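Trainee: If you scroll down you'll find the structure; I have some questions about it.
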Amino acid sequence: MDENKKIVYPYMPNSVESIKKEMMDALGIKNMEELYSYIPEELRMKGKLNLPKPLLSEIELKEHVEGILSKNISCNEYLSFLGAGCYRHYVPAVCDEINSRSEFLTAYCGGTYTDHGKCQAIFEFTSLMGELVDMDVVALATYDGSQAASTSLRMTNRITNRNKLLVPKTMNPEILAHIRNYCDFMTITQVDYDPKTGQMDLEDLRRKISDDVAAVFIENPSYLGFIEENGREIGEIAHEHGALFVVYADPSSLGILEAPANYGADITCGDIQCLGMHMGYGSGLSGYIASKNEPQFIMNFPNHFYSLYENEKGEFGFSRSLNQRTSYGSREKAVEYLGTNTGLWAITAAVYLSLMGPQGMYDLGKNIISKAKYAVEVLSSIKGVKVLFEDSTNFKEFILIFDKTNKSVKEINKELLNRGIFGGKDLTKEFKELGNSALYCVTELTKKEDIDRLARELSSILS
Amino acid sequence: MVKMGKIKLRNFHQARWDEPIIFELSTPGQRGILIPEVDDEIVNKVGKAEEIIPENIKRKELPKLPELSQPQVLRHFLRLSQETLGQDINIDIGLGTCTMKYSPKIHEQFVRNPKFSELHPLQDEETTQGILEIMYKTAELLKEISGMDAFVFQAGGGAQAVFSNASILKAYHTDRGEGDKRTEIITTAFSHPVNAAAPHTKGFKVITLMPDEETGYPSIEALKSVVSDRTAGLFITNPEDTGIFNVHIKEMVDIVHEAGGLCIGDIADANGLFGIVRAKEMGYDMCHYNLHKAFSSPHGSMGPCCGAQGVKKFLEKYLPVPVVAFDGEKYYLDYDRPHSIGKVRMFYGVVAAVLRAYSWIVSLGADGLKEVSELSILNNNYLMKRLLTEVRGISAPYSKERFRMEQVRYSWEKLKEETGVGTEDVERRCMDYGLQEFYQSHPPYLVPEPFTPEPNETFSKDEIDEYAEIMKKVSQEAYENPELVETAPHNGPISLIPQPPITDPEDLIVTWRVYKKKKGID
């Protein structure tokens, strides 16, 4: 064996010396450096990158990476009650089967003909979401729910030419932080909530709204878990002042909860991770935006629209349309910037909604809301534990208050962890006024026995 | 393909299923998947779900989703997948600026491993040491590859990373009391459009430098004429879309620095740079890589993906929160960063792309990365030589005496003049030979009838030869039988569909319900 033999890289067919030479000969060069020798010397890398010795074989790579991953403990191993924007829902096997398909996984921006199937799947995603939110216009998915919310609110600025926003005090702080950066020229005012129910304080809303407000934004269900029941009134108050009404809705709730459009929403947005995506440490997030079918809304979407076209044979084709709105059409003249975001998750969500159908979404909602109520009842009966906003109904999340125990949420979560349970998200930093509180989550994957086990462990920890 | 040592063009036909829209396949009552019944004991304790849902927000009518059984859903989407030309099944050289490289299959096993896929982002850090280690070490690797001082992965794509960099730019000038004064950014016409659009979204006024007729990149004089004390920064790509390396980059960066601005490099097109040129030596203060391009993460029918954002030390404090840190014993998420611009995406970004990028880098090492770049440059120049010497009607404007980096923007202008067949027609005809379409150009369309292929390192010489032969053949067809090319594709999943530009937004049909309304279908 030749000790100095050059490495042939499996992903690089032309790394074979004889092929490389043949190609260099065709170009009339003797060494590779001649290809870029015109780049000024001071810009060129001196010596070699200082990187670890490569794991050239797939065997070594697999062993190494899986070795690192094995240090993680996943929600398949421990019982999880974490939500707060990323959820452990059931992922139907067909969703994984479809998004593992090479054709979808490795396609990119091909259009009407070469990627006809992809374009149709995206059209079906927007069509299925349109039914779920009961709206006519839906764009291709964006990065995540918080980008969807941020863009929706900037759309309201362009449509109304106003720059004030009213958002609930109970909203997701991560989304609020995103909006603060993305809509930094807009004034954001938080509307108070009823301390008993968490519901938006309509009196406070009336006090704070004025004729220069672009939008009133709510989450439904709220980040803090309760279902906002005054959507219609909130929408009416917004509209009375010429403001738009934007609702951030959890798609997994829309089998049982009214589509926001039917209580006045002008724009509905949110995250579709719950529709067939694994959590992947947050990798599964993907945002949706839907609106009324009116030119002022349509022309203010920065996202791709895949419009349907038909030929004389009755064949359908799909094509990115009204591109001048987007930065791919008109650079800085676009309404906002646009880039690659989450096409594969849009396709996966289309598969999910097609599998679920109307009855599946209804059953899903029923399952979750029943578990949430069961969990609230069982856990609130633990000594020292209280559920916040008891007078409201929770969809899949709820707040436990541990004020009357002698342990902090942090301590409680550590003890739960020792018992193989991920407790709820610690809210003590984000929502100081709620006291020693944590946000717990149940889904259709949470079993009755899981809730009972949590109750037992909490009782034991707090006793 | 190569048969008996000779290139033979394929007698290709794409799958053509004539597949209906999923709603048309609906049969009332069918179910694709069932959800478990609510436990009786739960119902006994809390009552029926129908009674729990608050009356005033109960959905009155179920969503009009289609009803299908499971095999029918699977079959439908499998057929659609077959009508999609993914990178894995075609010689995807055409989509230049996108770096359509092979995404190693072993990486898919990693991201689908429950030890990753079932991680919740808010788990106790004690239970996520593995993934935090991957994120931390990937940042370390990118620091070496770029020469920058810190990396985060929060941006869900390259464009979001440019926006995040623009946010840092604004925070930096604001902190120095110049936020109101430094309101302009400069970019170039051949930089990706997001370098104009994202800073504009952040509130900057955009100045675009046009390329010099000869070199293809802007002249120093052009830059000098627009730099002022209003300049916040320069957002630039090098090499640009044309694949031409701007040899004056350092001088341009220095001019902007002297004027008090910062320089932000868009290194989405990194494939020709590994081990050859780094961001640091070009003088960039910030940059980003697209982990779904040069770093092999699959493009996923347009995402999910990751824009890895890198900055110099003096800007590190502005990075979006959290940043992955290491205290010598354990990895942790650092949220205690008072100068941070906040969030650009929820949680920590598309970590799956980070996991794949990590795997890709450690499987190649320093020599392998340089091999990636050298081969991508070799492949590109080899293809350029074949196209320019053998294909009638094609040209490559600018910097004619030099080799290009990883891609070239060609023009079919001559073909159009001589045959009437333009780049769009050629693009559609390529499909009949089994190729994905090609990328024409980002705006502005400075190169007429543009065509931008990128034969990255994962394509073989035979494949590049096949690609060149197809271009030759299509060009020949254009001269001999232009109608054949103009009416293509002939072997695609659908026939030619006229797509007159929509002028009235209400003609847009992005949902089936709108189509039905327009057609008067119930």
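Identifiers in this document derive from the order of the structure tokens: chains are assigned A, B, ..., residues are numbered from 1 separately in each chain, and ligands are numbered from 1 in order of occurrence.
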Applying 9 Å and only C-alpha atoms, which residues near B:Lys48 remain after dropping the ones on its own chain fewer than 6 positions away? List them as a tab-separated table (two decimals) with C-alpha atoms, in the first residue's frame.

Mentor:
```tsv
chain	number	residue	atom	x	y	z
A	366	LYS	CA	-61.60	16.95	22.55
A	370	SER	CA	-60.39	16.87	28.46
B	42	ILE	CA	-61.40	11.20	32.78
```

Trainee: Show me, as a PyMOL selection string, the residues that have an atom within 9 Å of B:Leu223 when counting only C-alpha atoms, minus same-chain residues fewer than 2 positions from it.

Mentor: chain B and resi 186+209+218-221+225-227+252+255-256

Trainee: Give me a file of those residues, with N, CA and C atoms, as an mmCIF file, in the first residue's frame.

Mentor:
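The new file again_4.cif reads:
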```
data_model
loop_
_atom_site.group_PDB
_atom_site.id
_atom_site.type_symbol
_atom_site.label_atom_id
_atom_site.label_comp_id
_atom_site.auth_asym_id
_atom_site.auth_seq_id
_atom_site.Cartn_x
_atom_site.Cartn_y
_atom_site.Cartn_z
ATOM 1 N N ILE B 186 -24.969 50.135 1.942
ATOM 2 C CA ILE B 186 -24.555 49.988 0.546
ATOM 3 C C ILE B 186 -24.501 48.499 0.225
ATOM 4 N N LEU B 209 -24.728 49.450 -5.695
ATOM 5 C CA LEU B 209 -23.637 49.721 -6.639
ATOM 6 C C LEU B 209 -23.778 48.809 -7.855
ATOM 7 N N PRO B 218 -18.317 46.221 -8.685
ATOM 8 C CA PRO B 218 -18.290 47.683 -8.680
ATOM 9 C C PRO B 218 -16.866 48.214 -8.556
ATOM 10 N N SER B 219 -16.648 49.384 -9.106
ATOM 11 C CA SER B 219 -15.328 49.994 -9.022
ATOM 12 C C SER B 219 -15.168 50.669 -7.669
ATOM 13 N N ILE B 220 -13.924 50.861 -7.285
ATOM 14 C CA ILE B 220 -13.612 51.568 -6.047
ATOM 15 C C ILE B 220 -14.198 52.981 -6.090
ATOM 16 N N GLU B 221 -14.116 53.606 -7.264
ATOM 17 C CA GLU B 221 -14.640 54.976 -7.404
ATOM 18 C C GLU B 221 -16.146 55.003 -7.134
ATOM 19 N N SER B 225 -17.891 57.227 -4.190
ATOM 20 C CA SER B 225 -18.855 58.289 -4.482
ATOM 21 C C SER B 225 -20.117 58.197 -3.626
ATOM 22 N N VAL B 226 -20.361 57.061 -2.978
ATOM 23 C CA VAL B 226 -21.580 56.959 -2.162
ATOM 24 C C VAL B 226 -21.297 56.836 -0.665
ATOM 25 N N VAL B 227 -20.054 56.566 -0.296
ATOM 26 C CA VAL B 227 -19.733 56.452 1.131
ATOM 27 C C VAL B 227 -19.741 57.837 1.770
ATOM 28 N N MET B 252 -12.346 47.875 -0.539
ATOM 29 C CA MET B 252 -13.712 48.373 -0.341
ATOM 30 C C MET B 252 -14.078 48.362 1.139
ATOM 31 N N ILE B 255 -12.408 51.190 2.958
ATOM 32 C CA ILE B 255 -13.043 52.492 2.703
ATOM 33 C C ILE B 255 -14.268 52.679 3.598
ATOM 34 N N VAL B 256 -15.064 51.610 3.707
ATOM 35 C CA VAL B 256 -16.272 51.699 4.538
ATOM 36 C C VAL B 256 -15.885 51.822 6.015
#
```

Trainee: How close does each residue of stretch 279-377 of chain B get to stretch 142-150 of chain A, giving the shortest atom pair and distance in Å to one decimal for every residue with an atom at most 8 Å away, counting only C-alpha atoms, sorted by chain and residue number, as JSON lines?

Mentor:
```
{"residue": "B:Pro304", "atom": "CA", "partner": "A:Tyr143", "partner_atom": "CA", "distance": 7.6}
{"residue": "B:Val344", "atom": "CA", "partner": "A:Gln147", "partner_atom": "CA", "distance": 7.7}
{"residue": "B:Arg345", "atom": "CA", "partner": "A:Ser146", "partner_atom": "CA", "distance": 6.6}
{"residue": "B:Met346", "atom": "CA", "partner": "A:Ser146", "partner_atom": "CA", "distance": 6.5}
```

Trainee: Counting only C-alpha atoms, what is within 7 Å of stretch 274-276 of chain A, bar same-chain residues fewer than 4 positions away, as a list in words?

Mentor: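 My reading of the contact set: Tyr87, His89, Val91, Pro92, Cys95, Ser252, Thr348, Ala349 and Tyr352 of chain A.
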
Trainee: Take atom CA of A:His304 and atom CA of A:Ala121 and report the distance between them in Å, one decimal.

Mentor: 14.0 Å

Trainee: By how many Å are atom CA of B:Gly47 and atom CA of A:Leu254 apart?

Mentor: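 About the pair atom CA of B:Gly47 and atom CA of A:Leu254: they are 20.4 Å apart.
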
Trainee: Which residue, B:Ser228, B:Gln476, B:Ser297, B:Thr84, has the smallest gap to chain A when you use only C-alpha atoms?

Mentor: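 Distance minimum relative to chain A lands on B:Thr84.
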